[in-house]
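J.: You'll find start-v5.txt just under this line, and it carries compact mmCIF, C-alpha atoms.
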# COMPACT_ATOMS: atom_id res chain seq x y z
CA MET A 141 13.43 9.59 38.16
CA THR A 142 14.11 7.01 35.43
CA GLU A 143 10.59 6.50 34.00
CA LEU A 144 7.95 9.09 33.08
CA ASP A 145 4.44 8.27 31.83
CA LEU A 146 2.60 11.18 30.15
CA ARG A 147 0.14 9.21 28.02
CA GLY A 148 -3.09 10.84 26.84
CA ASN A 149 -2.55 14.34 28.19
CA GLN A 150 -3.22 16.37 25.02
CA ILE A 151 0.40 17.61 25.07
CA THR A 152 1.30 19.58 21.92
CA ASN A 153 4.91 20.52 22.70
CA LEU A 154 7.44 19.07 25.09
CA PRO A 155 8.67 21.68 27.56
CA GLU A 156 12.40 22.41 27.50
CA SER A 157 12.49 21.66 31.22
CA ILE A 158 12.06 17.95 30.52
CA THR A 159 15.73 17.86 29.59
CA ASN A 160 16.55 18.41 33.27
CA LEU A 161 15.52 14.79 33.88
CA SER A 162 18.95 13.58 32.89
CA ASN A 163 18.51 10.11 34.45
CA LEU A 164 15.39 9.35 32.41
CA THR A 165 15.62 5.98 30.64
CA GLU A 166 11.97 5.54 29.55
CA LEU A 167 9.54 8.22 28.35
CA ASP A 168 5.94 7.39 27.38
CA LEU A 169 4.15 10.06 25.33
CA ARG A 170 1.56 7.93 23.53
CA GLY A 171 -1.80 9.43 22.58
CA ASN A 172 -0.90 13.14 22.70
CA GLN A 173 -0.89 15.93 20.07
CA ILE A 174 2.87 16.37 19.69
CA THR A 175 3.91 17.68 16.26
CA ASN A 176 7.69 17.74 16.68
CA LEU A 177 10.44 17.05 19.18
CA PRO A 178 12.68 19.83 20.49
CA GLU A 179 16.37 19.79 19.57
CA SER A 180 17.13 19.77 23.27
CA ILE A 181 15.83 16.21 23.59
CA ALA A 182 19.37 15.17 22.69
CA LYS A 183 20.30 16.11 26.29
CA LEU A 184 18.41 13.05 27.58
CA SER A 185 21.53 11.00 26.99
CA ASN A 186 20.40 8.05 29.13
CA LEU A 187 17.07 7.61 27.34
CA LYS A 188 16.60 4.04 26.10
CA LYS A 189 12.88 3.78 25.30
CA LEU A 190 10.64 6.43 23.77
CA TYR A 191 6.95 5.83 23.06
CA LEU A 192 5.34 8.32 20.63
CA LYS A 193 2.51 6.27 19.14
CA GLU A 194 -0.64 8.21 18.09
CA ASN A 195 0.73 11.74 17.94
CA LYS A 196 0.90 14.23 15.04
CA ILE A 197 4.61 14.13 14.24
CA THR A 198 5.44 14.93 10.62
CA ASP A 199 9.22 15.36 10.81
CA LEU A 200 11.63 13.54 13.06
CA SER A 201 14.31 15.78 14.50
CA GLU A 202 17.95 15.02 13.68
CA SER A 203 18.59 15.40 17.39
CA VAL A 204 16.92 12.02 17.99
CA ALA A 205 19.89 10.42 16.26
CA LYS A 206 22.14 11.82 19.02
CA LEU A 207 20.46 9.65 21.66
CA SER A 208 23.13 6.98 21.47
CA ASN A 209 21.62 4.75 24.17
CA PHE A 210 18.30 4.30 22.36
CA THR A 211 17.18 0.66 22.15
CA GLU A 212 13.47 1.09 21.36
CA LEU A 213 11.60 3.84 19.49
CA TYR A 214 7.86 3.61 18.81
CA LEU A 215 6.44 6.03 16.23
CA SER A 216 3.38 4.26 14.80
CA ARG A 217 0.23 6.19 13.84
CA ASN A 218 1.90 9.54 13.13
CA SER A 219 2.32 11.39 9.81
CA ILE A 220 6.05 10.93 9.28
CA LYS A 221 7.11 11.08 5.63
CA LYS A 222 10.87 10.98 5.94
CA LEU A 223 13.38 9.52 8.37
CA PRO A 224 16.69 11.34 8.88
CA GLU A 225 19.52 9.27 7.45
CA SER A 226 21.39 9.81 10.72
CA ILE A 227 19.00 7.32 12.36
CA ILE A 228 21.40 4.59 11.24
CA ASN A 229 23.98 5.95 13.70
CA LEU A 230 21.93 4.62 16.62
CA SER A 231 23.94 1.42 16.91
CA LYS A 232 22.04 0.14 19.97
CA LEU A 233 18.60 0.61 18.42
CA GLU A 234 16.88 -2.77 18.19
CA LYS A 235 13.20 -1.87 17.75
CA LEU A 236 11.85 0.88 15.51
CA ASP A 237 8.09 0.86 14.89
CA LEU A 238 6.97 3.11 12.03
CA SER A 239 3.73 1.35 11.09
CA GLU A 240 0.73 3.39 9.94
CA ASN A 241 2.74 6.41 8.82
CA THR A 242 2.90 7.98 5.34
CA LEU A 243 6.58 7.14 4.88
CA GLU A 244 8.24 7.92 1.58
CA THR A 245 11.90 7.71 2.66
CA PRO A 246 12.63 4.95 3.27
CA PRO A 247 9.59 3.29 1.65
CA LEU A 248 7.10 1.96 4.18
CA GLU A 249 7.66 -1.56 2.82
CA VAL A 250 11.32 -1.25 3.82
CA ALA A 251 10.58 0.28 7.23
CA GLU A 252 8.18 -2.53 8.09
CA LYS A 253 11.06 -5.00 7.82
CA GLY A 254 12.80 -3.37 10.80
CA ILE A 255 15.83 -1.33 11.70
CA GLU A 256 18.33 -3.56 9.88
CA ALA A 257 16.46 -3.15 6.61
CA ILE A 258 16.40 0.63 7.15
CA ARG A 259 20.15 0.65 7.77
CA ASP A 260 20.70 -1.41 4.62
CA TYR A 261 18.46 0.95 2.65
CA PHE A 262 20.40 4.08 3.56
CA GLN A 263 23.68 2.25 3.02
CA GLN A 264 22.48 1.26 -0.45
CA VAL A 265 21.41 4.81 -1.24
CA LYS A 266 24.86 5.99 -0.19
CA GLN A 267 26.52 3.49 -2.50
CA ASP A 268 24.46 4.27 -5.57
CA SER A 269 21.29 6.32 -5.79
CA ASP A 270 21.23 6.18 -9.58
CA TYR A 271 19.44 3.14 -11.02
CA LEU A 272 18.63 4.74 -14.37
CA TYR A 273 20.66 2.04 -16.09
CA LEU A 274 17.82 -0.34 -15.24
CA GLU A 275 14.97 2.05 -16.00
CA GLN A 276 16.47 2.86 -19.40
CA ASP A 277 16.76 -0.79 -20.42
CA GLY A 278 14.18 -1.33 -23.17
CA ARG A 279 13.39 -4.94 -22.27
CA ASP A 280 10.29 -6.02 -20.34
CA TYR A 281 12.21 -8.49 -18.19
CA ILE A 282 15.69 -9.95 -17.80
CA SER A 283 17.12 -13.02 -16.12
CA LEU A 284 18.62 -12.76 -12.65
CA GLU A 285 22.06 -13.46 -14.11
CA GLU A 286 21.68 -10.59 -16.58
CA TYR A 287 20.59 -8.31 -13.74
CA LEU A 288 23.63 -9.27 -11.65
CA GLN A 289 25.93 -8.58 -14.59
CA ILE A 290 24.38 -5.14 -15.14
CA CYS A 291 24.91 -4.32 -11.45
CA GLN A 292 28.53 -5.50 -11.67
CA ALA A 293 29.13 -3.23 -14.64
CA ASN A 294 27.75 -0.29 -12.66
CA GLY A 295 29.93 -0.65 -9.59
CA PHE A 296 28.15 -3.22 -7.44
CA THR A 297 30.66 -5.91 -6.57
CA GLU A 298 28.93 -7.85 -3.79
CA ARG A 299 25.93 -10.08 -4.56
CA LYS A 300 24.37 -9.01 -1.24
CA TYR A 301 24.11 -5.37 -2.34
CA LYS A 302 22.91 -6.31 -5.83
CA LEU A 303 19.99 -8.21 -4.32
CA GLN A 304 19.33 -5.45 -1.80
CA LEU A 305 18.99 -3.01 -4.68
CA SER A 306 16.47 -5.24 -6.48
CA SER A 307 14.53 -5.58 -3.22
CA TYR A 308 14.34 -1.80 -2.73
CA LEU A 309 13.41 -1.18 -6.36
CA HIS A 310 10.71 -3.83 -5.96
CA ASP A 311 9.36 -2.02 -2.87
CA LEU A 312 9.39 1.26 -4.79
CA GLY A 313 7.52 -0.32 -7.71
CA VAL A 314 10.34 0.43 -10.16
CA CYS A 315 10.70 -3.26 -10.99
CA LEU A 316 9.41 -6.63 -9.75
CA HIS A 317 11.73 -9.23 -8.24
CA PHE A 318 10.22 -11.82 -5.92
CA GLN A 319 13.30 -13.17 -4.21
CA ASP A 320 11.30 -15.56 -2.02
CA ASP A 321 9.71 -17.40 -4.96
CA LEU A 322 11.52 -20.38 -6.48
CA LEU A 323 10.43 -19.52 -10.03
CA LEU A 324 10.09 -15.75 -10.00
CA ASN A 325 13.42 -15.15 -8.23
CA LYS A 326 15.16 -16.08 -11.50
CA THR A 327 13.54 -13.18 -13.34
CA VAL A 328 13.65 -9.40 -12.80
CA ILE A 329 10.64 -7.70 -14.40
CA LEU A 330 11.87 -4.28 -15.49
CA LYS A 331 8.47 -3.05 -16.69
CA PRO A 332 5.79 -3.85 -14.06
CA GLU A 333 3.12 -2.59 -16.46
CA TRP A 334 4.11 -5.41 -18.84
CA GLY A 335 3.15 -7.94 -16.17
CA THR A 336 -0.02 -6.04 -15.24
CA THR A 337 -1.18 -5.92 -18.86
CA ALA A 338 -0.56 -9.66 -19.24
CA VAL A 339 -2.57 -10.44 -16.10
CA TYR A 340 -5.58 -8.41 -17.23
CA LYS A 341 -5.51 -10.05 -20.66
CA VAL A 342 -6.45 -13.22 -18.75
CA LEU A 343 -9.02 -11.65 -16.43
CA ASP A 344 -10.67 -9.77 -19.32
CA ASN A 345 -10.68 -12.77 -21.67
CA GLN A 346 -14.24 -13.65 -22.67
CA THR A 347 -13.62 -17.41 -22.69
CA VAL A 348 -12.25 -17.29 -19.14
CA ARG A 349 -15.15 -15.10 -18.01
CA ARG A 350 -17.73 -17.43 -19.59
CA ASN A 351 -16.10 -20.33 -17.71
CA TRP A 352 -16.48 -18.46 -14.40
CA GLY A 353 -12.74 -17.88 -13.99
CA LYS A 354 -11.61 -21.40 -14.97
CA PHE A 355 -8.66 -21.71 -17.37
CA THR A 356 -5.82 -24.04 -18.39
CA LYS A 357 -2.27 -23.54 -19.59
CA GLN A 358 -3.54 -24.08 -23.13
CA ASP A 359 -5.94 -21.19 -22.62
CA LEU A 360 -2.98 -19.07 -21.49
CA ALA A 361 -1.01 -20.06 -24.61
CA ASN A 362 -3.89 -18.67 -26.69
CA ILE A 363 -4.18 -15.54 -24.57
CA TRP A 364 -0.44 -14.86 -24.32
CA GLN A 365 0.47 -15.73 -27.90
CA GLU A 366 2.33 -12.49 -28.63
CA GLN A 367 6.12 -12.69 -28.82
CA GLN A 368 6.55 -10.51 -25.72
CA TYR A 369 4.80 -13.17 -23.61
CA GLU A 370 5.51 -16.53 -25.24
CA ASN A 371 8.79 -17.21 -23.41
CA ALA A 372 7.55 -16.04 -20.03
CA ARG A 373 4.17 -17.76 -19.64
CA ASP A 374 5.18 -19.81 -16.59
CA GLU A 375 6.50 -16.69 -14.86
CA LEU A 376 3.37 -14.70 -15.68
CA LEU A 377 1.14 -17.47 -14.32
CA GLN A 378 3.23 -17.57 -11.15
CA LEU A 379 2.88 -13.79 -10.94
CA MET A 380 -0.91 -14.17 -10.93
CA ILE A 381 -0.64 -16.76 -8.15
CA LYS A 382 1.75 -14.50 -6.21
CA PHE A 383 -0.73 -11.63 -6.42
CA LYS A 384 -3.48 -14.00 -5.16
CA LEU A 385 -5.40 -13.56 -8.41
CA CYS A 386 -5.71 -17.28 -9.13
CA TYR A 387 -4.97 -20.74 -7.76
CA LYS A 388 -4.42 -24.24 -9.14
CA ILE A 389 -6.94 -26.95 -8.28
CA PRO A 390 -4.91 -29.66 -6.49
CA ASN A 391 -3.95 -32.64 -8.70
CA ARG A 392 -5.52 -31.06 -11.80
CA ASP A 393 -4.18 -28.79 -14.53
CA ILE A 394 -6.95 -26.28 -14.00
CA TYR A 395 -6.66 -22.79 -12.56
CA ILE A 396 -9.35 -20.60 -11.00
CA ALA A 397 -9.53 -16.80 -10.84
CA PRO A 398 -11.96 -16.40 -7.88
CA GLN A 399 -12.97 -12.82 -8.71
CA LEU A 400 -14.67 -14.28 -11.83
CA LEU A 401 -16.56 -17.04 -10.00
CA THR A 402 -20.35 -17.12 -10.05
CA GLU A 403 -22.12 -14.92 -7.52
CA ASN A 404 -24.63 -17.72 -6.82
CA GLN A 405 -24.06 -19.48 -3.51
CA PRO A 406 -24.26 -23.27 -4.00
CA THR A 407 -26.82 -25.34 -2.11
CA TYR A 408 -25.49 -27.40 0.80
CA ASN A 409 -26.66 -28.74 4.14
CA TRP A 410 -25.25 -26.99 7.20
CA GLN A 411 -25.59 -28.16 10.79
CA GLU A 412 -27.02 -25.13 12.61
CA THR A 413 -26.20 -26.36 16.15
CA ASN A 414 -22.85 -26.39 17.96
CA ASN A 415 -21.44 -23.74 15.65
CA LEU A 416 -18.47 -21.55 16.50
CA ILE A 417 -19.16 -18.13 15.02
CA LEU A 418 -17.01 -15.04 14.52
CA ARG A 419 -17.62 -11.85 12.57
CA TYR A 420 -15.46 -9.09 11.14
CA THR A 421 -17.00 -5.65 10.53
CA TYR A 422 -15.22 -2.83 8.68
CA GLU A 423 -15.42 0.95 8.67
CA PHE A 424 -14.38 0.76 5.03
CA MET A 425 -14.16 -2.61 3.33
CA PRO A 426 -11.70 -2.87 0.44
CA LYS A 427 -12.63 -5.19 -2.39
CA GLY A 428 -10.73 -8.44 -2.75
CA ILE A 429 -10.41 -9.65 0.85
CA ILE A 430 -12.51 -12.79 0.32
CA THR A 431 -10.93 -13.66 -3.05
CA GLN A 432 -7.44 -13.35 -1.54
CA PHE A 433 -8.60 -15.61 1.29
CA ILE A 434 -9.93 -18.16 -1.20
CA VAL A 435 -6.55 -18.30 -2.94
CA ALA A 436 -4.70 -18.59 0.38
CA MET A 437 -6.89 -21.49 1.58
CA HIS A 438 -7.66 -23.12 -1.78
CA GLN A 439 -6.15 -26.50 -0.90
CA HIS A 440 -8.85 -26.96 1.74
CA ILE A 441 -11.89 -25.98 -0.34
CA TRP A 442 -14.58 -28.58 0.36
CA GLN A 443 -14.49 -31.05 -2.57
CA GLN A 444 -12.99 -28.20 -4.64
CA GLU A 445 -16.60 -27.39 -5.42
CA TYR A 446 -18.11 -25.24 -2.68
CA VAL A 447 -16.70 -21.87 -3.58
CA TRP A 448 -18.29 -18.79 -5.12
CA LYS A 449 -17.40 -15.13 -5.64
CA SER A 450 -18.26 -14.01 -2.11
CA GLY A 451 -17.73 -17.17 -0.07
CA VAL A 452 -16.18 -20.57 0.44
CA ILE A 453 -16.52 -23.72 2.54
CA ILE A 454 -13.20 -24.87 4.01
CA GLU A 455 -12.81 -28.49 5.17
CA LYS A 456 -9.99 -29.79 7.33
CA ASP A 457 -9.69 -32.58 9.91
CA GLN A 458 -13.40 -33.47 9.95
CA THR A 459 -14.30 -29.80 10.45
CA LYS A 460 -15.91 -27.27 8.10
CA ALA A 461 -15.76 -23.49 8.08
CA GLU A 462 -18.20 -21.33 6.12
CA VAL A 463 -16.62 -17.95 5.29
CA ILE A 464 -18.89 -15.43 3.57
CA GLU A 465 -18.31 -11.79 2.67
CA TYR A 466 -21.32 -9.46 2.84
CA TYR A 467 -19.83 -6.51 1.01
CA GLY A 468 -22.94 -4.31 1.26
CA LYS A 469 -22.90 -4.75 5.06
CA ARG A 470 -19.07 -4.39 5.23
CA GLU A 471 -18.86 -7.72 7.03
CA ILE A 472 -17.30 -11.18 6.88
CA LYS A 473 -19.04 -13.92 8.84
CA ILE A 474 -17.43 -17.22 9.79
CA ARG A 475 -19.29 -20.33 11.00
CA VAL A 476 -17.39 -23.46 12.01
CA VAL A 477 -18.78 -26.91 12.77
CA GLY A 478 -17.16 -30.28 13.39
CA LYS A 479 -14.54 -32.02 15.47
CA HIS A 480 -11.84 -29.32 15.74
CA LYS A 481 -13.83 -26.07 15.54
CA ARG A 482 -11.48 -23.81 17.48
CA ASP A 483 -8.36 -24.97 15.63
CA LEU A 484 -9.91 -24.35 12.22
CA LEU A 485 -11.30 -20.97 13.29
CA ILE A 486 -7.83 -19.91 14.45
CA ALA A 487 -6.41 -20.99 11.06
CA VAL A 488 -9.10 -19.02 9.20
CA THR A 489 -8.69 -15.84 11.28
CA HIS A 490 -4.90 -16.11 10.95
CA GLU A 491 -5.17 -15.95 7.15
CA LEU A 492 -7.72 -13.13 7.25
CA ASP A 493 -5.58 -11.12 9.67
CA LYS A 494 -2.56 -11.52 7.37
CA ILE A 495 -4.66 -10.08 4.53
CA HIS A 496 -5.84 -7.23 6.79
CA ASP A 497 -2.23 -6.42 7.69
CA SER A 498 -1.41 -5.94 4.00
CA TYR A 499 -3.66 -2.85 3.93
CA ASN A 500 -2.49 0.44 5.38
CA ARG A 501 -4.60 1.61 8.33
CA LEU A 502 -7.48 -0.78 7.69
CA LYS A 503 -9.95 -0.37 10.54
CA TYR A 504 -12.12 -3.31 11.52
CA ASN A 505 -13.68 -5.02 14.52
CA LYS A 506 -13.42 -8.68 15.42
CA LEU A 507 -16.70 -9.68 17.06
CA ILE A 508 -16.94 -12.54 19.58
CA PRO A 509 -20.29 -14.34 20.16
CA CYS A 510 -21.89 -14.52 23.60
CA ASN A 511 -21.88 -17.94 25.28
CA CYS A 512 -24.71 -17.43 27.78
CA GLN A 513 -27.50 -20.03 27.81
CA LYS A 514 -29.75 -17.93 25.60
CA CYS A 515 -27.09 -17.17 22.98
CA LYS A 516 -25.24 -20.48 22.93
CA ASN A 517 -26.12 -22.51 19.82
CA ASN A 518 -28.11 -19.51 18.59
CA GLN A 519 -27.28 -18.24 15.10
CA ASP A 520 -28.47 -14.80 16.20
CA SER A 521 -26.45 -14.46 19.41
CA TYR A 522 -25.16 -11.19 20.86
CA PHE A 523 -21.61 -10.21 19.77
CA TYR A 524 -18.94 -8.35 21.72
CA PRO A 525 -16.06 -6.43 20.08
CA LEU A 526 -12.86 -8.28 21.01
CA LYS A 527 -11.20 -4.97 21.92
CA GLU A 528 -13.96 -4.27 24.45
CA LEU A 529 -13.42 -7.66 26.10
CA GLN A 530 -9.67 -7.03 26.23
CA ASP A 531 -10.29 -3.63 27.82
CA PHE A 532 -12.39 -5.30 30.52
CA VAL A 533 -9.58 -7.74 31.34
CA ALA A 534 -7.00 -4.92 31.36
CA ALA A 535 -9.18 -3.06 33.89
CA GLY A 536 -9.50 -6.15 36.09
CA GLU A 537 -13.17 -6.69 35.24
CA TYR A 538 -13.91 -10.30 34.37
CA THR A 539 -17.67 -10.30 33.81
CA ILE A 540 -19.81 -8.51 31.23
CA GLN A 541 -23.55 -8.36 30.60
CA CYS A 542 -25.18 -9.97 27.60
CA ARG A 543 -27.50 -7.43 25.95
CA LYS A 544 -30.00 -10.15 24.99
CA SER A 545 -30.34 -12.30 28.12
CA PHE A 546 -29.03 -9.60 30.50
CA LYS A 547 -27.07 -12.33 32.26
CA MET A 548 -23.47 -11.79 33.38
CA VAL A 549 -20.91 -13.90 31.52
CA ASN A 550 -17.20 -14.55 32.04
CA VAL A 551 -15.03 -12.41 29.79
CA LEU A 552 -12.08 -14.81 29.64
CA SER A 553 -14.32 -17.71 28.63
CA LEU A 554 -15.87 -15.60 25.87
CA ILE A 555 -12.44 -15.03 24.34
CA ASP A 556 -11.06 -18.50 24.95
CA ASP A 557 -14.13 -20.26 23.55
CA THR A 558 -13.52 -18.62 20.20
CA ILE A 559 -9.85 -17.75 19.73
CA ASP A 560 -6.52 -18.38 21.44
CA LEU A 561 -6.66 -16.38 24.69
CA ARG A 562 -2.90 -15.95 25.13
CA GLN A 563 -2.33 -14.99 21.50
CA SER A 564 -5.11 -12.39 21.60
CA PHE A 565 -3.41 -10.52 24.45
CA GLU A 566 0.04 -10.82 22.84
CA ASP A 567 -1.42 -9.23 19.70
CA ARG A 568 -2.96 -6.46 21.81
CA GLU A 569 0.37 -5.68 23.52
CA ARG A 570 2.11 -5.57 20.15
CA GLU A 571 -0.49 -3.11 18.82
CA LYS A 572 0.07 -0.81 21.81
CA LYS A 573 3.76 -0.35 21.03
Please rewrite the model in this file as structure tokens.

T.:
Amino acid sequence: MTELDLRGNQITNLPESITNLSNLTELDLRGNQITNLPESIAKLSNLKKLYLKENKITDLSESVAKLSNFTELYLSRNSIKKLPESIINLSKLEKLDLSENTLETPPLEVAEKGIEAIRDYFQQVKQDSDYLYLEQDGRDYISLEEYLQICQANGFTERKYKLQLSSYLHDLGVCLHFQDDLLLNKTVILKPEWGTTAVYKVLDNQTVRRNWGKFTKQDLANIWQEQQYENARDELLQLMIKFKLCYKIPNRDIYIAPQLLTENQPTYNWQETNNLILRYTYEFMPKGIITQFIVAMHQHIWQQEYVWKSGVIIEKDQTKAEVIEYYGKREIKIRVVGKHKRDLLIAVTHELDKIHDSYNRLKYNKLIPCNCQKCKNNQDSYFYPLKELQDFVAAGEYTIQCRKSFKMVNVLSLIDDTIDLRQSFEDREREKK
């Protein structure tokens, strides 16, 4: 036997006898109650793939690191806090999924970047686990060149490892260094609270609040007039943009902080027929999803006018999308009308899904509208959870009943009418791993 599937069997402990399956190359233990792996698992020397998603593992046995033929290890949705450093000895390991754990070592932000980032992390810790020389620096921020010189003076000779250290300290929240930003990569913020205080001086400013979140660089010069800010105003503004707290109106020297926009929805005409509709519902809805979305899509705001605190109209390629957050209902509703409805809806959901992915263990449903004759072109159509439709397809069932018309409708057409069919199933397969 080379493959063994034990998914969903309420297993709490692996029996020692499993080690007798010496030819096993793939072991699937997803959806059980396993709390730890026995030391004897190291005897499964031919094991290449191990699936342990949705168990109750808190500590990963050092013996796992002895499985030298490992290529894929899936550990998402457990309670793992610490990885053994010996994991880096698995030279053939290509895929390590640790999403939705409570990782502290390495930081979850590092683990999410993949096995190479984890190897680099432990290598960096080996080289120098003491970064007090940065924490003890009294300055709020330093230039990248100054940071590199400090690292050089403390034993870091290669630029690669100097930048790796700043990346890990950034992930830990010790400092801020946005290496992927053309302006911010030139500055290492040693005191994150300095940046946070500067940001809230803008958001709490009465002039900015009276102007419904609108401000200019001259306003910032008045707000950040203290000596500690005056030489870093451009960087602080870029920090606000990076944190999706504000955006610049295209071709104008005006910035908008969307969380301070008016709550009043503007008046506009909306074509109620031939709409493509999609809804998100949340078990718990964190604040800020819609304002982050507004910042992400700000270049396409209709006439740079139709935007308010809980919603926005996006216009692109003769198509409009209305995106509104109903926080009290824990829901975001999207309506799209125009020439390229499906393309714009895919763009909108792509941005929303990126925001969702930035939250740990955020639970939500994506709801697909029914396309039967009664529901089609109806603003109050029946909605199906996308996961339910995917389950039907996985079970080989391709029709489902509408709960309003009681007619049978095609499952694949329901999905494909709204979102990209192929991509939806690729996303589902990725979530399973």

J.: Excluding Glu249 (chain A) and any residue of its chain fewer than 2 positions from it, enumerate the residues within 12 Å of it, using only C-alpha atoms, and give them as number ranges by chain.

T.: A: 238-247, 251-254, 257-258, 261, 307-313, 498-500

J.: Work out how far CA of Gln368 (chain A) is from CA of Gln346 (chain A), in Å to one decimal.

T.: 21.2 Å

J.: Out of A:Ile555, A:Leu507, A:Ala397, A:Leu207, which residue has the shortest atom-to-atom distance to Gln432 (chain A) when counting only C-alpha atoms?

T.: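 Nearest to Gln432 (chain A): A:Ala397.
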
J.: Could you name the residues that touch Pro398 (chain A) at 9 Å or less, counting only C-alpha atoms, but leaving out those on the same chain fewer than 3 positions away, as number ranges by chain?

T.: A: 352-354, 385-387, 401-402, 430-432, 434-435, 447-450

J.: List as a ChimeraX atom specification: which residues have an atom within 12 Å of (20.4, 2.1, 4.4), counting all atoms listed in the file?

T.: /A:223-229,245-247,250-251,254-269,301,304-305,308
